[in-house]
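So the structure is just underneath, and the comments pick up after that.
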Amino acid sequence: MSKESDNGFFGRFGGRYVGEILRRPLEELKVAFTADMQDQSFLDELNELRRDFIGRPTPFLYAERTSEQLGGAQIYVKMEGLAHTGAHKINNAAGQALVAKRMGKTRIICETGAGQHGVATAAACARLGLECQVYMGEVDVRRQQPNVASMEMYGAKVIPVMTGSRILKDAINEAMRDWAANFETTHYLIGSALGPEPFPDMVRTFQSVVGREVEQQTAERGIHITAMCACVGGGSNAIGFFEPFIDKKEPRLVAAEAGGIGPGRGNNAVRMGGDAVDGIVQGYKSRFLLDTDGQVSTTRSISAGLDYAGIGPQLAELGESGRIEFNAVTDDEALNAVKVFAQNEGVMFALESAHAGAMALKLAPAMKKTDVIVVNMSGRGDKDIFITSPVFRPKEWEQFLEAELVRLRSGTDIHYAQSMAEGDKR
């Protein structure tokens, strides 16, 4: 079992299933990436970005109160949410943007679901002086407004995608069309470990900094890892987190998929533990949720970053081989994990990452106190306030939004204060 692809394939998954027009830019990208990873000046610049811009290494936190309450395994949290822009996505965005700049590209396009990849790409482009355009499904634009505002603040242009289901898969389709038309000046910065070769290898390589830091941080503390938990949509945080351990027999590698509101077509985004079939979609072969006509199925998840109908090809292969265990985590379980880690540890998980946290909460009680679970908190939950607040404090949130509308329409803070006071009396 190898971390590197075999000419773009991981077992039967992967490849480069694209039209003739994209074969040249993909090959040029592969050559440039391979050369850069052997170029010390590139590596020095990348490491400087990681240290001074991203803020690496990220902390490694012992979840002491949660571990005590569960009474089983000891839980540790890799705090990727404390990386610049609030998630692991910046690791890959900065790496790919640097490759593109050295190739002479002046424009970067990307897709985004939860918005974290879009924010990371926009920030990396601002830092490196590159034009940035972000494709985002209209559904995700509406539910992730804080991230949309951040992207625009960094100077990116956000394009709402109105076709299909108006979520991540549709944003990827639009970005691919743009790249095919503009590849001479443009690099398509894919945010997950999927797509045609060489993207799965590139994303895993740039995200492997997460797993390598975990390896070092646990070694420094004399910690032996029993299990590692990561959420999996396309799979960028999971493959980077797991990377140093893939070729080893231990620890257990446990992936949490979006169980949505429960079983049934359209109610979740469970691929490896669900009804996915082999398919070729968006330039690569993997496991996809497809309908009876072979079209990509509608999915559902409270987390915008986990509702993708496919999965990265390497993760698909590792799932079929048994090296990675896949389990479904429901929306309710993820919301509970957000609350548990916030109240016990003072750490606010993103809804995507909370699926991994929920998996740890399930596993720990049945394990020994000498066992260790490491959870990848791939992002922090600030971005999810418009989703979590209506769940945890619906009345107060409604009053806040009503008051904000009054304030915005009146243009004065006086009306805002009055509305808040009236809301308190209700």
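Chain lettering (A, B, ...) mirrors the order of the structure tokens, residue numbering begins at 1 for each chain separately, and ligand numbering begins at 1 in order of display.
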
With the cut-off set at 10 Å and counting only C-alpha atoms, tabulate each residue of stretch 37-127 of chain A with an atom at most that distance from an atom of stretch 196-213 of chain A, showing the nearest atom pair and its distance in Å to one decimal, ordered by chain and increasing number, as a Markdown table.
| residue | atom | partner | partner_atom | distance |
| --- | --- | --- | --- | --- |
| A:Met37 | CA | A:Thr205 | CA | 9.3 |
| A:Leu46 | CA | A:Phe206 | CA | 9.7 |
| A:Arg50 | CA | A:Val209 | CA | 9.4 |
| A:Arg56 | CA | A:Glu213 | CA | 9.0 |
| A:Pro57 | CA | A:Glu213 | CA | 6.8 |
| A:Thr58 | CA | A:Glu213 | CA | 8.1 |
| A:Pro59 | CA | A:Glu213 | CA | 9.3 |
| A:Phe60 | CA | A:Glu213 | CA | 9.0 |
| A:Lys78 | CA | A:Val210 | CA | 8.2 |
| A:Met79 | CA | A:Val210 | CA | 9.6 |
| A:Glu80 | CA | A:Val210 | CA | 7.8 |
| A:His88 | CA | A:Gln207 | CA | 7.5 |
| A:Lys89 | CA | A:Gln207 | CA | 8.1 |
| A:Ile90 | CA | A:Gln207 | CA | 9.0 |
| A:Asn91 | CA | A:Gln207 | CA | 5.8 |
| A:Asn92 | CA | A:Phe206 | CA | 5.0 |
| A:Ala93 | CA | A:Phe206 | CA | 8.5 |
| A:Ala94 | CA | A:Phe206 | CA | 8.7 |
| A:Gly95 | CA | A:Phe206 | CA | 6.2 |
| A:Gln96 | CA | A:Met202 | CA | 7.8 |

Applying 7 Å and only C-alpha atoms, which residues near stretch 250-259 of chain A remain after dropping the ones on its own chain fewer than 5 positions away? List them as an mmCIF file with all heavy atoms, in the first residue's frame.
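out.cif written:
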data_model
loop_
_atom_site.group_PDB
_atom_site.id
_atom_site.type_symbol
_atom_site.label_atom_id
_atom_site.label_comp_id
_atom_site.auth_asym_id
_atom_site.auth_seq_id
_atom_site.Cartn_x
_atom_site.Cartn_y
_atom_site.Cartn_z
ATOM 1 N N ILE A 225 -0.400 6.539 19.761
ATOM 2 C CA ILE A 225 -1.756 6.755 19.239
ATOM 3 C C ILE A 225 -2.436 5.418 18.964
ATOM 4 O O ILE A 225 -1.889 4.560 18.276
ATOM 5 C CB ILE A 225 -1.730 7.585 17.944
ATOM 6 C CG1 ILE A 225 -0.938 8.884 18.128
ATOM 7 C CG2 ILE A 225 -3.152 7.891 17.483
ATOM 8 C CD1 ILE A 225 -0.719 9.655 16.827
ATOM 9 N N THR A 226 -3.653 5.287 19.484
ATOM 10 C CA THR A 226 -4.453 4.089 19.226
ATOM 11 C C THR A 226 -5.357 4.280 18.020
ATOM 12 O O THR A 226 -5.529 3.361 17.208
ATOM 13 C CB THR A 226 -5.320 3.753 20.451
ATOM 14 O OG1 THR A 226 -4.518 3.781 21.638
ATOM 15 C CG2 THR A 226 -5.966 2.377 20.306
ATOM 16 N N ALA A 227 -5.969 5.445 17.902
ATOM 17 C CA ALA A 227 -6.889 5.719 16.799
ATOM 18 C C ALA A 227 -6.830 7.194 16.430
ATOM 19 O O ALA A 227 -6.573 8.048 17.282
ATOM 20 C CB ALA A 227 -8.316 5.324 17.172
ATOM 21 N N MET A 228 -7.092 7.481 15.146
ATOM 22 C CA MET A 228 -7.154 8.852 14.654
ATOM 23 C C MET A 228 -8.497 9.043 13.971
ATOM 24 O O MET A 228 -8.945 8.176 13.218
ATOM 25 C CB MET A 228 -6.014 9.131 13.676
ATOM 26 C CG MET A 228 -4.636 8.901 14.271
ATOM 27 S SD MET A 228 -3.291 9.132 13.067
ATOM 28 C CE MET A 228 -3.289 10.924 12.897
ATOM 29 N N CYS A 229 -9.151 10.179 14.223
ATOM 30 C CA CYS A 229 -10.473 10.448 13.661
ATOM 31 C C CYS A 229 -10.448 11.733 12.835
ATOM 32 O O CYS A 229 -9.965 12.767 13.306
ATOM 33 C CB CYS A 229 -11.511 10.603 14.769
ATOM 34 S SG CYS A 229 -11.799 9.112 15.746
ATOM 35 N N ALA A 230 -10.975 11.645 11.629
ATOM 36 C CA ALA A 230 -11.092 12.820 10.761
ATOM 37 C C ALA A 230 -12.402 12.754 9.998
ATOM 38 O O ALA A 230 -12.896 11.666 9.691
ATOM 39 C CB ALA A 230 -9.927 12.884 9.777
ATOM 40 N N CYS A 231 -12.973 13.902 9.708
ATOM 41 C CA CYS A 231 -14.170 13.932 8.853
ATOM 42 C C CYS A 231 -13.735 13.773 7.398
ATOM 43 O O CYS A 231 -12.590 14.072 7.041
ATOM 44 C CB CYS A 231 -14.935 15.238 9.052
ATOM 45 S SG CYS A 231 -14.054 16.726 8.524
ATOM 46 N N VAL A 232 -14.658 13.303 6.571
ATOM 47 C CA VAL A 232 -14.335 13.107 5.154
ATOM 48 C C VAL A 232 -15.482 13.580 4.270
ATOM 49 O O VAL A 232 -16.580 13.037 4.320
ATOM 50 C CB VAL A 232 -14.040 11.627 4.830
ATOM 51 C CG1 VAL A 232 -13.815 11.463 3.328
ATOM 52 C CG2 VAL A 232 -12.809 11.151 5.572
ATOM 53 N N GLY A 233 -15.213 14.638 3.502
ATOM 54 C CA GLY A 233 -16.072 15.028 2.410
ATOM 55 C C GLY A 233 -15.354 14.562 1.160
ATOM 56 O O GLY A 233 -15.395 13.397 0.788
ATOM 57 N N PHE A 242 -3.860 11.586 8.004
ATOM 58 C CA PHE A 242 -3.509 10.171 8.035
ATOM 59 C C PHE A 242 -2.182 9.850 7.339
ATOM 60 O O PHE A 242 -1.617 8.777 7.553
ATOM 61 C CB PHE A 242 -4.602 9.337 7.351
ATOM 62 C CG PHE A 242 -5.942 9.323 8.044
ATOM 63 C CD1 PHE A 242 -7.103 9.096 7.309
ATOM 64 C CD2 PHE A 242 -6.065 9.526 9.412
ATOM 65 C CE1 PHE A 242 -8.351 9.064 7.925
ATOM 66 C CE2 PHE A 242 -7.298 9.507 10.047
ATOM 67 C CZ PHE A 242 -8.452 9.268 9.290
ATOM 68 N N ASN A 268 -28.414 11.999 3.216
ATOM 69 C CA ASN A 268 -27.063 12.009 3.769
ATOM 70 C C ASN A 268 -26.049 12.130 2.633
ATOM 71 O O ASN A 268 -26.424 12.311 1.474
ATOM 72 C CB ASN A 268 -26.821 10.739 4.592
ATOM 73 C CG ASN A 268 -27.055 9.482 3.770
ATOM 74 O OD1 ASN A 268 -26.337 9.197 2.814
ATOM 75 N ND2 ASN A 268 -28.104 8.725 4.113
ATOM 76 N N ALA A 269 -24.771 12.007 2.990
ATOM 77 C CA ALA A 269 -23.703 11.980 1.985
ATOM 78 C C ALA A 269 -22.743 10.838 2.321
ATOM 79 O O ALA A 269 -21.523 11.002 2.312
ATOM 80 C CB ALA A 269 -22.977 13.310 1.935
ATOM 81 N N VAL A 270 -23.308 9.675 2.633
ATOM 82 C CA VAL A 270 -22.511 8.505 3.003
ATOM 83 C C VAL A 270 -22.127 7.753 1.733
ATOM 84 O O VAL A 270 -22.974 7.209 1.042
ATOM 85 C CB VAL A 270 -23.296 7.579 3.958
ATOM 86 C CG1 VAL A 270 -22.454 6.358 4.310
ATOM 87 C CG2 VAL A 270 -23.686 8.334 5.221
ATOM 88 N N SER A 301 -26.476 17.368 4.280
ATOM 89 C CA SER A 301 -25.670 17.445 5.500
ATOM 90 C C SER A 301 -25.785 18.840 6.068
ATOM 91 O O SER A 301 -25.893 19.825 5.319
ATOM 92 C CB SER A 301 -24.194 17.135 5.221
ATOM 93 O OG SER A 301 -23.409 17.373 6.382
ATOM 94 N N LEU A 306 -19.232 18.720 3.752
ATOM 95 C CA LEU A 306 -19.288 17.257 3.717
ATOM 96 C C LEU A 306 -20.401 16.725 2.827
ATOM 97 O O LEU A 306 -20.660 15.514 2.825
ATOM 98 C CB LEU A 306 -19.472 16.689 5.134
ATOM 99 C CG LEU A 306 -18.387 16.986 6.162
ATOM 100 C CD1 LEU A 306 -18.662 16.215 7.452
ATOM 101 C CD2 LEU A 306 -16.997 16.640 5.635
ATOM 102 N N ASP A 307 -21.061 17.576 2.057
ATOM 103 C CA ASP A 307 -22.197 17.098 1.270
ATOM 104 C C ASP A 307 -21.826 16.726 -0.160
ATOM 105 O O ASP A 307 -22.687 16.607 -1.029
ATOM 106 C CB ASP A 307 -23.338 18.120 1.280
ATOM 107 C CG ASP A 307 -22.960 19.459 0.668
ATOM 108 O OD1 ASP A 307 -21.835 19.571 0.123
ATOM 109 O OD2 ASP A 307 -23.778 20.394 0.727
ATOM 110 N N ARG A 323 -7.838 -0.250 5.297
ATOM 111 C CA ARG A 323 -6.904 0.536 6.113
ATOM 112 C C ARG A 323 -7.624 1.677 6.819
ATOM 113 O O ARG A 323 -7.268 2.050 7.932
ATOM 114 C CB ARG A 323 -5.762 1.089 5.253
ATOM 115 C CG ARG A 323 -4.736 1.907 6.057
ATOM 116 C CD ARG A 323 -4.026 1.035 7.071
ATOM 117 N NE ARG A 323 -3.158 1.781 7.981
ATOM 118 C CZ ARG A 323 -3.478 2.120 9.224
ATOM 119 N NH1 ARG A 323 -4.681 1.806 9.714
ATOM 120 N NH2 ARG A 323 -2.627 2.765 9.991
ATOM 121 N N ILE A 324 -8.637 2.263 6.173
ATOM 122 C CA ILE A 324 -9.435 3.301 6.808
ATOM 123 C C ILE A 324 -10.830 2.762 7.065
ATOM 124 O O ILE A 324 -11.447 2.153 6.188
ATOM 125 C CB ILE A 324 -9.515 4.569 5.927
ATOM 126 C CG1 ILE A 324 -8.137 5.196 5.753
ATOM 127 C CG2 ILE A 324 -10.463 5.592 6.555
ATOM 128 C CD1 ILE A 324 -8.126 6.444 4.894
ATOM 129 N N GLU A 325 -11.328 2.968 8.294
ATOM 130 C CA GLU A 325 -12.687 2.593 8.659
ATOM 131 C C GLU A 325 -13.597 3.801 8.438
ATOM 132 O O GLU A 325 -13.298 4.890 8.915
ATOM 133 C CB GLU A 325 -12.757 2.203 10.142
ATOM 134 C CG GLU A 325 -11.757 1.146 10.577
ATOM 135 C CD GLU A 325 -11.665 1.066 12.100
ATOM 136 O OE1 GLU A 325 -12.698 1.303 12.768
ATOM 137 O OE2 GLU A 325 -10.567 0.786 12.600
ATOM 138 N N PHE A 326 -14.703 3.586 7.735
ATOM 139 C CA PHE A 326 -15.649 4.670 7.475
ATOM 140 C C PHE A 326 -16.921 4.460 8.286
ATOM 141 O O PHE A 326 -17.463 3.354 8.340
ATOM 142 C CB PHE A 326 -15.994 4.738 5.984
ATOM 143 C CG PHE A 326 -14.914 5.346 5.146
ATOM 144 C CD1 PHE A 326 -13.845 4.570 4.703
ATOM 145 C CD2 PHE A 326 -14.941 6.694 4.812
ATOM 146 C CE1 PHE A 326 -12.837 5.130 3.926
ATOM 147 C CE2 PHE A 326 -13.938 7.261 4.049
ATOM 148 C CZ PHE A 326 -12.880 6.478 3.598
ATOM 149 N N ASN A 327 -17.381 5.526 8.929
ATOM 150 C CA ASN A 327 -18.599 5.487 9.733
ATOM 151 C C ASN A 327 -19.413 6.747 9.493
ATOM 152 O O ASN A 327 -18.864 7.830 9.257
ATOM 153 C CB ASN A 327 -18.262 5.394 11.229
ATOM 154 C CG ASN A 327 -17.547 4.103 11.575
ATOM 155 O OD1 ASN A 327 -18.169 3.079 11.790
ATOM 156 N ND2 ASN A 327 -16.215 4.154 11.620
ATOM 157 N N ALA A 328 -20.739 6.607 9.563
ATOM 158 C CA ALA A 328 -21.624 7.759 9.373
ATOM 159 C C ALA A 328 -21.889 8.452 10.705
ATOM 160 O O ALA A 328 -22.087 7.800 11.736
ATOM 161 C CB ALA A 328 -22.944 7.313 8.755
ATOM 162 N N VAL A 329 -21.885 9.767 10.684
ATOM 163 C CA VAL A 329 -22.216 10.594 11.845
ATOM 164 C C VAL A 329 -23.357 11.513 11.438
ATOM 165 O O VAL A 329 -23.271 12.221 10.432
ATOM 166 C CB VAL A 329 -20.999 11.418 12.305
ATOM 167 C CG1 VAL A 329 -21.408 12.428 13.369
ATOM 168 C CG2 VAL A 329 -19.890 10.509 12.824
ATOM 169 N N THR A 330 -24.440 11.502 12.189
ATOM 170 C CA THR A 330 -25.613 12.300 11.830
ATOM 171 C C THR A 330 -25.418 13.774 12.180
ATOM 172 O O THR A 330 -24.529 14.145 12.954
ATOM 173 C CB THR A 330 -26.868 11.790 12.550
ATOM 174 O OG1 THR A 330 -26.707 12.016 13.962
ATOM 175 C CG2 THR A 330 -27.100 10.314 12.280
ATOM 176 N N ASP A 331 -26.308 14.593 11.626
ATOM 177 C CA ASP A 331 -26.291 16.023 11.951
ATOM 178 C C ASP A 331 -26.416 16.245 13.459
ATOM 179 O O ASP A 331 -25.702 17.074 14.037
ATOM 180 C CB ASP A 331 -27.456 16.736 11.247
ATOM 181 C CG ASP A 331 -27.296 16.822 9.740
ATOM 182 O OD1 ASP A 331 -26.203 16.517 9.235
ATOM 183 O OD2 ASP A 331 -28.287 17.191 9.072
ATOM 184 N N HIS A 355 -17.980 16.249 13.087
ATOM 185 C CA HIS A 355 -18.269 14.850 12.743
ATOM 186 C C HIS A 355 -17.143 13.946 13.248
ATOM 187 O O HIS A 355 -17.394 12.845 13.753
ATOM 188 C CB HIS A 355 -18.431 14.696 11.230
ATOM 189 C CG HIS A 355 -19.740 15.216 10.702
ATOM 190 N ND1 HIS A 355 -20.062 16.557 10.691
ATOM 191 C CD2 HIS A 355 -20.816 14.563 10.169
ATOM 192 C CE1 HIS A 355 -21.277 16.710 10.164
ATOM 193 N NE2 HIS A 355 -21.751 15.521 9.846
ATOM 194 N N ALA A 356 -15.905 14.407 13.116
ATOM 195 C CA ALA A 356 -14.771 13.646 13.646
ATOM 196 C C ALA A 356 -14.814 13.630 15.167
ATOM 197 O O ALA A 356 -14.540 12.604 15.806
ATOM 198 C CB ALA A 356 -13.459 14.253 13.162
ATOM 199 N N MET A 359 -17.289 11.151 16.320
ATOM 200 C CA MET A 359 -16.770 9.790 16.176
ATOM 201 C C MET A 359 -15.900 9.424 17.378
ATOM 202 O O MET A 359 -15.976 8.310 17.911
ATOM 203 C CB MET A 359 -15.956 9.693 14.881
ATOM 204 C CG MET A 359 -15.707 8.284 14.398
ATOM 205 S SD MET A 359 -17.225 7.476 13.870
ATOM 206 C CE MET A 359 -17.338 6.164 15.068
#

| task | Pick out each residue of stretch 3-85 of chain A that DSSP on the backbone tags as alpha helix (DSSP H); I need them as a PyMOL selection string. | result | chain A and resi 20-36+40-48+64-70

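With atom CA of A:Ile54 on one side and atom CA of A:His84 on the other, the separation reads 4.8 Å.
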
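Distances here use only C-alpha atoms; by that measure, the residue among A:Met176, A:Ile223, A:Leu290, A:Ala304 closest to A:Glu138 is A:Ala304.
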
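Interatomic distance, atom CA of A:Val374 against atom CA of A:Ala73: 10.0 Å.
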
| query | If you count only C-alpha atoms, which residues fall within 7 Å of A:Ala87, apart from same-chain ones fewer than 3 positions away, as a ChimeraX atom specification? | reply | /A:80-83,90,116,378-380

With N, CA, C and O atoms kept, could you save the residues just selected as a PDB file, in the first residue's frame?
ATOM      1  N   GLU A  80      -6.138  22.394  13.992  1.00  0.00           N
ATOM      2  CA  GLU A  80      -5.978  23.030  12.689  1.00  0.00           C
ATOM      3  C   GLU A  80      -6.838  24.277  12.549  1.00  0.00           C
ATOM      4  O   GLU A  80      -6.566  25.142  11.711  1.00  0.00           O
ATOM      5  N   GLY A  81      -7.887  24.367  13.355  1.00  0.00           N
ATOM      6  CA  GLY A  81      -8.728  25.553  13.314  1.00  0.00           C
ATOM      7  C   GLY A  81      -8.002  26.818  13.721  1.00  0.00           C
ATOM      8  O   GLY A  81      -8.497  27.925  13.485  1.00  0.00           O
ATOM      9  N   LEU A  82      -6.831  26.686  14.333  1.00  0.00           N
ATOM     10  CA  LEU A  82      -6.051  27.862  14.720  1.00  0.00           C
ATOM     11  C   LEU A  82      -5.060  28.286  13.646  1.00  0.00           C
ATOM     12  O   LEU A  82      -4.321  29.256  13.829  1.00  0.00           O
ATOM     13  N   ALA A  83      -5.029  27.558  12.522  1.00  0.00           N
ATOM     14  CA  ALA A  83      -4.234  28.024  11.387  1.00  0.00           C
ATOM     15  C   ALA A  83      -4.888  29.278  10.807  1.00  0.00           C
ATOM     16  O   ALA A  83      -6.099  29.483  10.936  1.00  0.00           O
ATOM     17  N   ILE A  90      -5.767  26.244   4.223  1.00  0.00           N
ATOM     18  CA  ILE A  90      -4.696  27.171   3.871  1.00  0.00           C
ATOM     19  C   ILE A  90      -3.396  26.439   3.529  1.00  0.00           C
ATOM     20  O   ILE A  90      -2.579  26.938   2.752  1.00  0.00           O
ATOM     21  N   GLN A 116     -14.364  27.524   3.501  1.00  0.00           N
ATOM     22  CA  GLN A 116     -13.024  27.631   4.074  1.00  0.00           C
ATOM     23  C   GLN A 116     -11.940  27.563   3.006  1.00  0.00           C
ATOM     24  O   GLN A 116     -10.926  28.254   3.094  1.00  0.00           O
ATOM     25  N   SER A 378     -10.314  20.113  11.994  1.00  0.00           N
ATOM     26  CA  SER A 378      -9.834  20.669  10.729  1.00  0.00           C
ATOM     27  C   SER A 378     -10.237  22.120  10.526  1.00  0.00           C
ATOM     28  O   SER A 378      -9.678  22.815   9.682  1.00  0.00           O
ATOM     29  N   GLY A 379     -11.224  22.583  11.295  1.00  0.00           N
ATOM     30  CA  GLY A 379     -11.623  23.983  11.187  1.00  0.00           C
ATOM     31  C   GLY A 379     -12.364  24.418  12.436  1.00  0.00           C
ATOM     32  O   GLY A 379     -12.873  23.597  13.189  1.00  0.00           O
ATOM     33  N   ARG A 380     -12.411  25.729  12.673  1.00  0.00           N
ATOM     34  CA  ARG A 380     -13.115  26.232  13.838  1.00  0.00           C
ATOM     35  C   ARG A 380     -14.508  26.715  13.443  1.00  0.00           C
ATOM     36  O   ARG A 380     -14.781  27.013  12.286  1.00  0.00           O
TER      37      ARG A 380
END

| request: Just the residues within 8 Å of A:Ala358, please, counting only C-alpha atoms, with nothing from its chain fewer than 6 positions along; format it as number ranges by chain. | output: A: 329, 333-334, 336-337

Deliver the residues from the most recent selection as a file, using all heavy atoms, as a PDB file, in the first residue's frame.
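This went into out04.pdb:
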ATOM      1  N   VAL A 329     -21.885   9.767  10.684  1.00  0.00           N
ATOM      2  CA  VAL A 329     -22.216  10.594  11.845  1.00  0.00           C
ATOM      3  C   VAL A 329     -23.357  11.513  11.438  1.00  0.00           C
ATOM      4  O   VAL A 329     -23.271  12.221  10.432  1.00  0.00           O
ATOM      5  CB  VAL A 329     -20.999  11.418  12.305  1.00  0.00           C
ATOM      6  CG1 VAL A 329     -21.408  12.428  13.369  1.00  0.00           C
ATOM      7  CG2 VAL A 329     -19.890  10.509  12.824  1.00  0.00           C
ATOM      8  N   GLU A 333     -25.651  14.255  15.927  1.00  0.00           N
ATOM      9  CA  GLU A 333     -24.433  13.841  16.634  1.00  0.00           C
ATOM     10  C   GLU A 333     -23.332  14.879  16.472  1.00  0.00           C
ATOM     11  O   GLU A 333     -22.577  15.158  17.422  1.00  0.00           O
ATOM     12  CB  GLU A 333     -23.970  12.484  16.114  1.00  0.00           C
ATOM     13  CG  GLU A 333     -24.875  11.329  16.522  1.00  0.00           C
ATOM     14  CD  GLU A 333     -24.543  10.030  15.822  1.00  0.00           C
ATOM     15  OE1 GLU A 333     -24.058  10.075  14.661  1.00  0.00           O
ATOM     16  OE2 GLU A 333     -24.765   8.962  16.419  1.00  0.00           O
ATOM     17  N   ALA A 334     -23.233  15.473  15.299  1.00  0.00           N
ATOM     18  CA  ALA A 334     -22.230  16.512  15.076  1.00  0.00           C
ATOM     19  C   ALA A 334     -22.529  17.753  15.914  1.00  0.00           C
ATOM     20  O   ALA A 334     -21.624  18.348  16.525  1.00  0.00           O
ATOM     21  CB  ALA A 334     -22.169  16.872  13.596  1.00  0.00           C
ATOM     22  N   ASN A 336     -24.121  17.846  18.707  1.00  0.00           N
ATOM     23  CA  ASN A 336     -23.800  17.503  20.095  1.00  0.00           C
ATOM     24  C   ASN A 336     -22.300  17.616  20.343  1.00  0.00           C
ATOM     25  O   ASN A 336     -21.878  18.111  21.396  1.00  0.00           O
ATOM     26  CB  ASN A 336     -24.281  16.089  20.408  1.00  0.00           C
ATOM     27  CG  ASN A 336     -23.906  15.665  21.818  1.00  0.00           C
ATOM     28  OD1 ASN A 336     -24.371  16.236  22.801  1.00  0.00           O
ATOM     29  ND2 ASN A 336     -23.054  14.661  21.933  1.00  0.00           N
ATOM     30  N   ALA A 337     -21.500  17.170  19.397  1.00  0.00           N
ATOM     31  CA  ALA A 337     -20.046  17.250  19.560  1.00  0.00           C
ATOM     32  C   ALA A 337     -19.572  18.695  19.623  1.00  0.00           C
ATOM     33  O   ALA A 337     -18.649  19.029  20.384  1.00  0.00           O
ATOM     34  CB  ALA A 337     -19.350  16.512  18.419  1.00  0.00           C
TER      35      ALA A 337
END

| request: Pick out the residues sitting within 9 Å of stretch 166-172 of chain A, and hand them over as number ranges by chain; count only C-alpha atoms, and ignore anything fewer than 3 positions along from it in its own chain. | output: A: 110-114, 134-141, 159-163, 175-177, 190, 282, 296, 304-305, 307-310

| Proximity to A:Ala360 - best of A:Asn47, A:Pro25, A:Met272, A:Val77, only C-alpha atoms | A:Val77

If you count only C-alpha atoms, which residues fall within 12 Å of A:Pro390, apart from same-chain ones fewer than 4 positions away, as a JSON list (two decimals) with C-alpha atoms, in the first residue's frame?
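As written to disk, out13.json reads:
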[["chain", "number", "residue", "atom", "x", "y", "z"],
["A", 143, "ARG", "CA", -25.63, 29.51, 4.42],
["A", 335, "LEU", "CA", -24.18, 19.30, 16.78],
["A", 384, "ASP", "CA", -21.16, 28.25, 11.31],
["A", 385, "ILE", "CA", -22.85, 30.81, 13.53],
["A", 386, "PHE", "CA", -25.71, 31.25, 11.03],
["A", 394, "PRO", "CA", -33.51, 30.13, 18.15],
["A", 395, "LYS", "CA", -35.50, 32.85, 19.95],
["A", 396, "GLU", "CA", -32.49, 35.05, 20.66],
["A", 397, "TRP", "CA", -31.18, 34.58, 17.13],
["A", 398, "GLU", "CA", -34.51, 35.57, 15.60],
["A", 399, "GLN", "CA", -34.60, 38.72, 17.74],
["A", 400, "PHE", "CA", -31.04, 39.56, 16.71],
["A", 401, "LEU", "CA", -31.79, 39.18, 12.99]]
